$ cat protein04.cif   # mmCIF, C-alpha atoms
data_data
loop_
_atom_site.label_atom_id
_atom_site.label_comp_id
_atom_site.auth_asym_id
_atom_site.auth_seq_id
_atom_site.Cartn_x
_atom_site.Cartn_y
_atom_site.Cartn_z
CA MET M 1 90.58 110.38 48.69
CA ALA M 2 92.65 108.18 46.41
CA PHE M 3 92.26 104.45 45.85
CA PRO M 4 95.60 103.55 44.23
CA GLN M 5 94.79 99.85 44.06
CA LEU M 6 92.01 100.67 41.59
CA ILE M 7 94.04 102.70 39.12
CA PRO M 8 93.55 101.13 35.67
CA SER M 9 96.63 99.82 33.92
CA HIS M 10 95.60 101.66 30.75
CA LYS M 11 94.51 105.20 30.04
CA PRO M 12 91.68 104.98 27.54
CA THR M 13 89.38 107.81 26.52
CA LEU M 14 85.87 107.45 25.27
CA ASN M 15 84.64 107.20 21.73
CA PRO M 16 83.54 110.80 21.14
CA ASN M 17 80.25 110.00 19.38
CA ASN M 18 77.89 112.90 20.01
CA ASN M 19 80.88 114.82 21.39
CA ILE M 20 80.88 118.43 20.23
CA LEU M 21 84.36 119.05 21.64
CA SER M 22 86.28 116.21 20.00
CA SER M 23 88.49 118.87 18.39
CA LEU M 24 90.12 119.37 21.79
CA ASN M 25 91.72 115.97 21.34
CA PRO M 26 93.06 115.80 17.77
CA ASN M 27 94.33 112.22 18.22
CA PRO M 28 91.70 110.50 20.35
CA ILE M 29 92.22 106.98 21.64
CA PHE M 30 88.96 105.09 21.52
CA LEU M 31 87.90 102.90 24.41
CA SER M 32 88.24 99.33 23.23
CA PRO M 33 87.05 96.14 24.90
CA LYS M 34 90.67 94.98 24.85
CA THR M 35 92.02 97.98 26.75
CA ASN M 36 89.80 98.04 29.81
CA SER M 37 89.23 95.23 32.27
CA LEU M 38 86.30 96.93 34.00
CA LEU M 39 83.62 97.38 31.36
CA HIS M 40 82.53 97.77 27.82
CA HIS M 41 81.04 101.22 27.24
CA ARG M 42 78.73 100.45 24.37
CA ASN M 43 75.18 100.47 23.06
CA PHE M 44 72.58 98.34 24.81
CA ARG M 45 71.35 96.96 21.51
CA ARG M 46 72.91 97.25 18.10
CA GLY M 47 70.73 99.12 15.70
CA LYS M 48 69.21 101.34 18.42
CA ARG M 49 72.04 103.74 18.90
CA SER M 50 70.04 106.93 18.52
CA SER M 51 67.80 105.99 21.44
CA LEU M 52 70.80 105.96 23.78
CA ARG M 53 72.36 109.26 22.89
CA CYS M 54 72.27 111.81 25.64
CA SER M 55 70.13 114.85 24.89
CA ALA M 56 68.95 117.81 26.89
CA SER M 57 65.54 116.15 27.27
CA SER M 58 67.16 113.63 29.65
CA PHE M 59 68.19 116.38 32.07
CA SER M 60 65.10 117.14 34.14
CA GLU M 61 65.26 119.64 36.96
CA LYS M 62 64.85 116.89 39.57
CA HIS M 63 66.80 113.71 38.94
CA HIS M 64 65.18 111.41 41.47
CA THR M 65 61.72 111.01 42.88
CA ASN M 66 62.97 111.22 46.48
CA PRO M 67 66.07 113.44 46.37
CA PRO M 68 68.26 112.99 49.47
CA LYS M 69 69.11 115.83 51.79
CA SER M 70 72.61 117.29 51.55
CA ASN M 71 73.44 116.37 55.17
CA ASP M 72 72.46 112.70 54.79
CA VAL M 73 75.28 110.15 55.09
CA VAL M 74 74.66 106.82 53.34
CA GLU M 75 76.63 103.81 52.20
CA LEU M 76 76.97 103.45 48.45
CA PRO M 77 78.69 100.79 46.29
CA LEU M 78 81.23 102.45 44.00
CA PHE M 79 82.19 101.72 40.41
CA PRO M 80 85.47 103.43 39.36
CA LEU M 81 85.43 104.14 35.62
CA PRO M 82 87.56 106.14 33.16
CA LEU M 83 84.65 108.52 32.54
CA VAL M 84 82.56 111.17 34.30
CA LEU M 85 78.82 110.71 34.77
CA PHE M 86 76.64 113.81 35.18
CA PRO M 87 73.17 114.09 36.69
CA GLY M 88 70.66 113.39 33.94
CA ALA M 89 73.16 111.76 31.57
CA ILE M 90 72.60 108.31 30.06
CA LEU M 91 75.34 105.68 30.48
CA PRO M 92 75.25 102.29 28.68
CA LEU M 93 77.46 99.64 30.30
CA GLN M 94 78.31 95.99 29.83
CA ILE M 95 79.30 94.35 33.12
CA PHE M 96 81.46 91.24 32.90
CA GLU M 97 84.01 91.39 35.73
CA PHE M 98 83.02 88.98 38.54
CA ARG M 99 83.02 91.47 41.44
CA TYR M 100 80.83 93.91 39.55
CA ARG M 101 78.48 91.13 38.48
CA MET M 102 78.14 90.42 42.21
CA MET M 103 77.37 94.09 42.78
CA MET M 104 74.70 94.05 40.06
CA HIS M 105 72.99 90.99 41.58
CA THR M 106 72.73 92.90 44.86
CA LEU M 107 71.55 96.14 43.24
CA LEU M 108 68.86 94.44 41.21
CA GLN M 109 67.33 93.20 44.48
CA THR M 110 67.54 96.60 46.20
CA ASP M 111 67.40 100.17 44.91
CA LEU M 112 69.31 99.85 41.59
CA ARG M 113 71.71 102.69 42.52
CA PHE M 114 75.51 102.79 42.65
CA GLY M 115 78.17 105.47 42.60
CA VAL M 116 80.24 106.20 39.49
CA ILE M 117 83.61 107.81 40.24
CA PHE M 118 86.18 108.90 37.69
CA SER M 119 89.51 107.08 37.92
CA ASP M 120 92.62 107.13 35.75
CA SER M 121 96.30 106.26 35.97
CA VAL M 122 97.37 109.86 36.63
CA SER M 123 95.05 111.13 39.35
CA GLY M 124 93.65 107.91 40.77
CA ALA M 125 90.03 107.87 41.92
CA ALA M 126 88.13 111.09 42.49
CA ASP M 127 86.36 112.03 45.73
CA VAL M 128 83.27 113.36 43.94
CA GLY M 129 81.05 111.23 41.76
CA CYS M 130 77.50 110.78 40.56
CA VAL M 131 74.89 108.15 41.37
CA GLY M 132 73.98 105.91 38.45
CA GLU M 133 70.49 104.41 38.57
CA VAL M 134 69.80 101.32 36.50
CA VAL M 135 66.79 102.10 34.32
CA LYS M 136 67.08 99.10 32.00
CA HIS M 137 69.01 95.86 32.21
CA GLU M 138 69.46 92.54 30.48
CA ARG M 139 71.16 89.54 32.05
CA LEU M 140 72.85 87.19 29.58
CA VAL M 141 73.23 83.43 29.89
CA ASP M 142 76.92 83.79 30.84
CA ASP M 143 75.90 86.12 33.73
CA ARG M 144 77.10 89.29 32.03
CA PHE M 145 74.82 92.31 32.21
CA PHE M 146 73.86 94.97 29.73
CA LEU M 147 72.77 98.10 31.59
CA ILE M 148 71.32 101.48 30.79
CA CYS M 149 71.96 103.87 33.68
CA LYS M 150 70.89 107.45 34.30
CA GLY M 151 72.89 109.95 36.36
CA GLN M 152 71.17 111.13 39.52
CA GLU M 153 72.61 112.98 42.54
CA ARG M 154 76.23 113.99 43.01
CA PHE M 155 78.08 112.81 46.09
CA ARG M 156 81.38 113.15 47.94
CA VAL M 157 83.18 110.13 49.41
CA THR M 158 83.77 110.70 53.13
CA ASN M 159 84.84 107.26 54.33
CA LEU M 160 85.81 103.97 52.69
CA VAL M 161 83.81 101.16 54.33
CA ARG M 162 85.28 98.20 52.46
CA THR M 163 87.24 97.33 49.33
CA LYS M 164 86.25 93.69 48.70
CA PRO M 165 84.62 92.23 46.76
CA TYR M 166 83.92 95.77 45.51
CA LEU M 167 84.19 99.27 46.93
CA VAL M 168 81.58 100.51 49.38
CA ALA M 169 81.89 104.01 50.86
CA GLU M 170 80.04 106.44 53.05
CA VAL M 171 79.04 109.48 51.02
CA THR M 172 77.38 112.83 51.51
CA TRP M 173 75.28 114.53 48.85
CA LEU M 174 76.33 117.62 46.90
CA GLU M 175 73.99 120.38 45.78
CA ASP M 176 74.71 123.67 44.07
CA ARG M 177 74.71 126.55 46.53
CA PRO M 178 72.60 129.63 45.79
CA SER M 179 74.60 131.75 43.39
CA GLY M 180 75.56 135.38 43.98
CA ASP M 181 74.36 136.00 40.45
CA GLY M 182 70.64 136.65 40.18
CA GLU M 183 68.29 134.22 38.45
CA GLU M 184 68.09 136.58 35.51
CA ASP M 185 71.89 136.56 35.15
CA LEU M 186 71.92 132.75 35.26
CA GLU M 187 69.36 132.62 32.46
CA SER M 188 71.43 135.06 30.42
CA LEU M 189 74.59 133.05 31.05
CA ALA M 190 72.88 129.79 30.07
CA SER M 191 71.67 131.40 26.85
CA GLU M 192 75.21 132.55 26.03
CA VAL M 193 76.52 129.02 26.60
CA GLU M 194 73.82 127.61 24.33
CA THR M 195 74.79 130.09 21.59
CA TYR M 196 78.44 129.04 21.81
CA MET M 197 77.42 125.38 21.68
CA LYS M 198 75.40 125.95 18.53
CA ASP M 199 78.32 127.74 16.87
CA VAL M 200 80.73 124.96 17.84
CA ILE M 201 78.38 122.30 16.44
CA ARG M 202 77.86 124.29 13.23
CA LEU M 203 81.58 124.72 12.61
CA SER M 204 82.34 121.12 13.59
CA ASN M 205 79.80 119.94 11.03
CA ARG M 206 81.33 122.19 8.41
CA LEU M 207 84.84 120.90 9.05
CA GLY M 208 83.51 117.35 9.00
CA GLY M 209 81.87 117.86 5.62
CA LYS M 210 78.33 117.72 7.02
CA PRO M 211 75.54 120.09 5.96
CA GLU M 212 75.53 123.38 7.87
CA LYS M 213 71.90 123.20 8.89
CA GLU M 214 70.54 125.25 11.76
CA VAL M 215 71.19 123.63 15.14
CA GLN M 216 68.09 122.67 17.10
CA ASP M 217 67.09 124.08 20.47
CA LEU M 218 69.66 122.67 22.89
CA ARG M 219 68.18 123.79 26.21
CA ARG M 220 64.73 122.23 25.79
CA ASN M 221 63.40 124.58 28.52
CA LEU M 222 65.95 123.36 31.04
CA PHE M 223 66.71 125.47 34.08
CA PRO M 224 70.34 126.69 34.29
CA THR M 225 71.58 123.99 36.70
CA PRO M 226 70.51 120.87 34.74
CA PHE M 227 71.53 122.64 31.53
CA SER M 228 75.04 123.13 32.96
CA PHE M 229 75.20 119.37 33.62
CA PHE M 230 74.06 118.65 30.06
CA VAL M 231 76.78 120.91 28.65
CA GLY M 232 79.43 119.24 30.83
CA SER M 233 78.31 115.82 29.62
CA THR M 234 79.19 116.78 26.03
CA PHE M 235 82.86 117.40 26.89
CA GLU M 236 83.66 113.70 26.51
CA GLY M 237 87.16 114.18 25.15
CA ALA M 238 88.30 115.96 28.34
CA PRO M 239 87.40 113.85 31.42
CA ARG M 240 89.50 115.86 33.88
CA GLU M 241 87.72 119.03 32.79
CA GLN M 242 84.43 117.20 33.17
CA GLN M 243 85.42 116.15 36.68
CA ALA M 244 86.24 119.74 37.60
CA LEU M 245 82.80 120.81 36.34
CA LEU M 246 81.09 118.02 38.27
CA GLU M 247 82.77 119.10 41.51
CA LEU M 248 81.70 122.75 41.28
CA GLU M 249 78.88 123.65 43.66
CA ASP M 250 77.92 126.90 41.94
CA THR M 251 75.83 126.89 38.75
CA ALA M 252 77.14 130.27 37.61
CA ALA M 253 80.76 129.18 38.06
CA ARG M 254 80.08 126.00 36.08
CA LEU M 255 78.40 127.86 33.23
CA LYS M 256 81.18 130.46 33.10
CA ARG M 257 83.83 127.75 32.89
CA GLU M 258 81.87 125.98 30.15
CA LYS M 259 81.45 129.25 28.29
CA GLU M 260 85.22 129.82 28.35
CA THR M 261 85.91 126.27 27.12
CA LEU M 262 83.39 126.63 24.31
CA ARG M 263 84.76 130.04 23.33
CA ASN M 264 88.31 128.66 23.11
CA THR M 265 87.04 125.72 21.07
CA LEU M 266 85.12 128.05 18.77
CA ASN M 267 88.26 130.13 18.19
CA TYR M 268 90.17 126.99 17.28
CA LEU M 269 87.45 125.79 14.92
CA THR M 270 87.16 129.22 13.30
CA ALA M 271 90.89 129.22 12.56
CA ALA M 272 90.72 125.66 11.25
CA SER M 273 87.78 126.60 9.02
CA ALA M 274 89.68 129.58 7.63
CA VAL M 275 92.66 127.33 6.79
CA LYS M 276 90.32 124.89 5.07
CA ASP M 277 88.87 127.70 2.96
CA VAL M 278 92.32 128.79 1.82
CA PHE M 279 93.66 125.25 1.34
CA PRO M 280 90.60 123.13 0.49
CA SER M 281 92.63 119.93 0.10
CA SER M 282 94.31 120.21 3.51
#

$ encode --input "protein04.cif" --output "structure tokens"
Amino acid sequence: MAFPQLIPSHKPTLNPNNNILSSLNPNPIFLSPKTNSLLHHRNFRRGKRSSLRCSASSFSEKHHTNPPKSNDVVELPLFPLPLVLFPGAILPLQIFEFRYRMMMHTLLQTDLRFGVIFSDSVSGAADVGCVGEVVKHERLVDDRFFLICKGQERFRVTNLVRTKPYLVAEVTWLEDRPSGDGEEDLESLASEVETYMKDVIRLSNRLGGKPEKEVQDLRRNLFPTPFSFFVGSTFEGAPREQQALLELEDTAARLKREKETLRNTLNYLTAASAVKDVFPSS
């Protein structure tokens, strides 16, 4: 379902801080407050950046205290953004556009939940998104809001209820189907993905002139499904790939696709590292 009237007039990408795959986009364009009329994607407080970075510890197996059933149909306010939110991921936002300030006033008096859907000038708005739950907020004197949101359930838009003052849609909930691969195979696949991630981080640090210290435990005892969401959340330089991962309803398929992306990235970084060794000044 496309919402052409909501397509942004610019095509920004996100600042790839904490992004282990920034090498996929050699000339990134950073999201600037001057290039996006919807939001500022920024830290809640200056000087507390590390507390907002997304880590595997944010990705619990259950993302909400009362998870909805997959056949439930509910109405959900929607926030189209040039980014992809995953279950368990942390999203800092600054809300200043009038219609979304209206939405926040309503949410703060109800259940604090809204739908984040990816939208850009090429593909329009996606059908599948992720619920963002406000876990911290600050209202400023000029009625702007600073928010910290956490990704919860995934959903699919089934019907557009209204477009003004902001989008409201009927949605159904998405859950991963039982995989044909056994639980043991999923664990093995998740471990392989973690190994590739560690290698990518190690080589990225080397190319960036950072110390090649051993990478910490990335899974933090996560089950394969929430771990697959964590991995997808690190692919910040490739939002369409992230959207494809979000839409998959099979944990094994998601992990296999992430493994392939990480393997390709590792090959690229290995070649780049070899060139750097031969031509240190390049």

$ atom_distance --input "protein04.cif" --atom1 "atom CA of Val73 of chain M" --atom2 "atom CA of Thr172 of chain M"
4.9 Å

$ resolve_selection --input "protein04.cif" --expression "the PyMOL selection byres ((chain M and resi 184-199) around 10)" --output "ChimeraX atom specification"
/M:20-21,179-183,200-205,214-219,222-225,227-228,231,234,251-253,255-266,269-270

$ write_last_selection --input "protein04.cif" --atoms "C-alpha atoms" --output "CSV table (one decimal), in the frame of the given file"
chain,number,residue,atom,x,y,z
M,20,ILE,CA,80.9,118.4,20.2
M,21,LEU,CA,84.4,119.0,21.6
M,179,SER,CA,74.6,131.8,43.4
M,180,GLY,CA,75.6,135.4,44.0
M,181,ASP,CA,74.4,136.0,40.4
M,182,GLY,CA,70.6,136.6,40.2
M,183,GLU,CA,68.3,134.2,38.4
M,200,VAL,CA,80.7,125.0,17.8
M,201,ILE,CA,78.4,122.3,16.4
M,202,ARG,CA,77.9,124.3,13.2
M,203,LEU,CA,81.6,124.7,12.6
M,204,SER,CA,82.3,121.1,13.6
M,205,ASN,CA,79.8,119.9,11.0
M,214,GLU,CA,70.5,125.2,11.8
M,215,VAL,CA,71.2,123.6,15.1
M,216,GLN,CA,68.1,122.7,17.1
M,217,ASP,CA,67.1,124.1,20.5
M,218,LEU,CA,69.7,122.7,22.9
M,219,ARG,CA,68.2,123.8,26.2
M,222,LEU,CA,66.0,123.4,31.0
M,223,PHE,CA,66.7,125.5,34.1
M,224,PRO,CA,70.3,126.7,34.3
M,225,THR,CA,71.6,124.0,36.7
M,227,PHE,CA,71.5,122.6,31.5
M,228,SER,CA,75.0,123.1,33.0
M,231,VAL,CA,76.8,120.9,28.6
M,234,THR,CA,79.2,116.8,26.0
M,251,THR,CA,75.8,126.9,38.8
M,252,ALA,CA,77.1,130.3,37.6
M,253,ALA,CA,80.8,129.2,38.1
M,255,LEU,CA,78.4,127.9,33.2
M,256,LYS,CA,81.2,130.5,33.1
M,257,ARG,CA,83.8,127.8,32.9
M,258,GLU,CA,81.9,126.0,30.2
M,259,LYS,CA,81.4,129.2,28.3
M,260,GLU,CA,85.2,129.8,28.4
M,261,THR,CA,85.9,126.3,27.1
M,262,LEU,CA,83.4,126.6,24.3
M,263,ARG,CA,84.8,130.0,23.3
M,264,ASN,CA,88.3,128.7,23.1
M,265,THR,CA,87.0,125.7,21.1
M,266,LEU,CA,85.1,128.0,18.8
M,269,LEU,CA,87.4,125.8,14.9
M,270,THR,CA,87.2,129.2,13.3

$ atom_distance --input "protein04.cif" --atom1 "atom CA of Ala125 of chain M" --atom2 "atom CA of Leu81 of chain M"
8.6 Å

$ closest_atom_pairs --input "protein04.cif" --of "segment 148-207 of chain M" --to "segment 77-80 of chain M" --cutoff "9 Å" --atoms "only C-alpha atoms" --output "CSV"
residue,atom,partner,partner_atom,distance
M:Tyr166,CA,M:Pro77,CA,7.3
M:Leu167,CA,M:Leu78,CA,5.2
M:Val168,CA,M:Pro77,CA,4.2
M:Ala169,CA,M:Pro77,CA,6.4
M:Glu170,CA,M:Pro77,CA,8.9

$ closest_residue --input "protein04.cif" --among "M:Leu207, M:Leu246, M:Val135, M:Ala238" --to "Leu107 of chain M" --atoms "only C-alpha atoms"
M:Val135

$ atom_distance --input "protein04.cif" --atom1 "atom CA of Pro82 of chain M" --atom2 "atom CA of Phe145 of chain M"
18.8 Å

$ axis_aligned_box --input "protein04.cif" --around "segment 167-175 of chain M" --padding-each-side "8 Å" --output "AutoDock Vina command-line options"
--center_x 79.1 --center_y 109.8 --center_z 49.4 --size_x 26.2 --size_y 37.1 --size_z 23.3

$ resolve_selection --input "protein04.cif" --expression "the PyMOL selection byres ((chain M and resi 150) around 9)" --output "ChimeraX atom specification"
/M:58,63,85-92,131-135,148-149,151-152

$ residues_around --input "protein04.cif" --residues "Gln243 of chain M" --least-positions-apart "6" --cutoff "12 Å" --atoms "all atoms listed in the file" --output "VMD selection string"
chain M and resid 82 to 86 116 to 120 123 125 to 130 154 229 232 to 233 235 to 237 254

$ closest_residue --input "protein04.cif" --among "M:Thr163, M:Arg206, M:Arg240, M:Glu175" --to "Gly124 of chain M" --atoms "only C-alpha atoms"
M:Arg240

$ resolve_selection --input "protein04.cif" --expression "the PyMOL selection byres ((chain M and resi 173) around 7)" --output "list in words"
Lys69, Ser70, Asn71, Asp72, Arg154, Phe155, Arg156, Val171, Thr172, Leu174 and Glu175 of chain M

$ write_last_selection --input "protein04.cif" --atoms "C-alpha atoms" --output "PDB file, keeping the file's coordinate frame"
ATOM      1  CA  LYS M  69      69.110 115.830  51.790  1.00  0.00           C
ATOM      2  CA  SER M  70      72.610 117.290  51.550  1.00  0.00           C
ATOM      3  CA  ASN M  71      73.440 116.370  55.170  1.00  0.00           C
ATOM      4  CA  ASP M  72      72.460 112.700  54.790  1.00  0.00           C
ATOM      5  CA  ARG M 154      76.230 113.990  43.010  1.00  0.00           C
ATOM      6  CA  PHE M 155      78.080 112.810  46.090  1.00  0.00           C
ATOM      7  CA  ARG M 156      81.380 113.150  47.940  1.00  0.00           C
ATOM      8  CA  VAL M 171      79.040 109.480  51.020  1.00  0.00           C
ATOM      9  CA  THR M 172      77.380 112.830  51.510  1.00  0.00           C
ATOM     10  CA  LEU M 174      76.330 117.620  46.900  1.00  0.00           C
ATOM     11  CA  GLU M 175      73.990 120.380  45.780  1.00  0.00           C
TER      12      GLU M 175
END

$ decode --input "protein04.cif" --residues "segment 137-183 of chain M" --atoms "C-alpha atoms" --output "PDB file, in the first residue's frame"
ATOM      1  CA  HIS M 137       9.794  11.824  26.682  1.00  0.00           C
ATOM      2  CA  GLU M 138      10.405  15.488  27.351  1.00  0.00           C
ATOM      3  CA  ARG M 139       8.069  18.259  26.269  1.00  0.00           C
ATOM      4  CA  LEU M 140       9.756  21.604  25.596  1.00  0.00           C
ATOM      5  CA  VAL M 141       8.301  25.063  26.152  1.00  0.00           C
ATOM      6  CA  ASP M 142       7.715  25.519  22.397  1.00  0.00           C
ATOM      7  CA  ASP M 143       5.664  22.261  22.364  1.00  0.00           C
ATOM      8  CA  ARG M 144       8.340  20.197  20.651  1.00  0.00           C
ATOM      9  CA  PHE M 145       8.995  16.733  22.033  1.00  0.00           C
ATOM     10  CA  PHE M 146      12.138  14.746  22.623  1.00  0.00           C
ATOM     11  CA  LEU M 147      11.302  11.034  22.608  1.00  0.00           C
ATOM     12  CA  ILE M 148      13.043   7.764  23.238  1.00  0.00           C
ATOM     13  CA  CYS M 149      11.095   4.930  21.611  1.00  0.00           C
ATOM     14  CA  LYS M 150      11.586   1.171  21.623  1.00  0.00           C
ATOM     15  CA  GLY M 151      10.540  -1.128  18.786  1.00  0.00           C
ATOM     16  CA  GLN M 152       7.818  -3.612  19.681  1.00  0.00           C
ATOM     17  CA  GLU M 153       5.629  -5.756  17.396  1.00  0.00           C
ATOM     18  CA  ARG M 154       5.711  -5.778  13.609  1.00  0.00           C
ATOM     19  CA  PHE M 155       2.522  -5.052  11.700  1.00  0.00           C
ATOM     20  CA  ARG M 156       1.062  -4.956   8.197  1.00  0.00           C
ATOM     21  CA  VAL M 157      -1.175  -2.098   7.039  1.00  0.00           C
ATOM     22  CA  THR M 158      -4.486  -3.518   5.794  1.00  0.00           C
ATOM     23  CA  ASN M 159      -6.649  -0.413   5.481  1.00  0.00           C
ATOM     24  CA  LEU M 160      -6.087   3.337   5.630  1.00  0.00           C
ATOM     25  CA  VAL M 161      -8.637   4.855   8.024  1.00  0.00           C
ATOM     26  CA  ARG M 162      -7.721   8.530   7.640  1.00  0.00           C
ATOM     27  CA  THR M 163      -4.920  10.781   6.433  1.00  0.00           C
ATOM     28  CA  LYS M 164      -5.527  14.007   8.398  1.00  0.00           C
ATOM     29  CA  PRO M 165      -4.247  15.433  10.615  1.00  0.00           C
ATOM     30  CA  TYR M 166      -1.990  12.352  10.555  1.00  0.00           C
ATOM     31  CA  LEU M 167      -2.209   8.828   9.194  1.00  0.00           C
ATOM     32  CA  VAL M 168      -4.286   6.233  11.030  1.00  0.00           C
ATOM     33  CA  ALA M 169      -4.557   2.701   9.631  1.00  0.00           C
ATOM     34  CA  GLU M 170      -5.969  -0.674  10.467  1.00  0.00           C
ATOM     35  CA  VAL M 171      -3.142  -3.155  10.939  1.00  0.00           C
ATOM     36  CA  THR M 172      -2.644  -6.838  11.599  1.00  0.00           C
ATOM     37  CA  TRP M 173       0.301  -8.227  13.543  1.00  0.00           C
ATOM     38  CA  LEU M 174       3.177 -10.186  12.034  1.00  0.00           C
ATOM     39  CA  GLU M 175       4.980 -13.052  13.726  1.00  0.00           C
ATOM     40  CA  ASP M 176       7.681 -15.362  12.442  1.00  0.00           C
ATOM     41  CA  ARG M 177       6.263 -18.702  11.357  1.00  0.00           C
ATOM     42  CA  PRO M 178       7.813 -21.907  12.696  1.00  0.00           C
ATOM     43  CA  SER M 179      10.869 -22.582  10.578  1.00  0.00           C
ATOM     44  CA  GLY M 180      11.518 -25.788   8.654  1.00  0.00           C
ATOM     45  CA  ASP M 181      14.986 -25.684  10.145  1.00  0.00           C
ATOM     46  CA  GLY M 182      15.243 -27.272  13.575  1.00  0.00           C
ATOM     47  CA  GLU M 183      15.975 -25.231  16.688  1.00  0.00           C
TER      48      GLU M 183
END
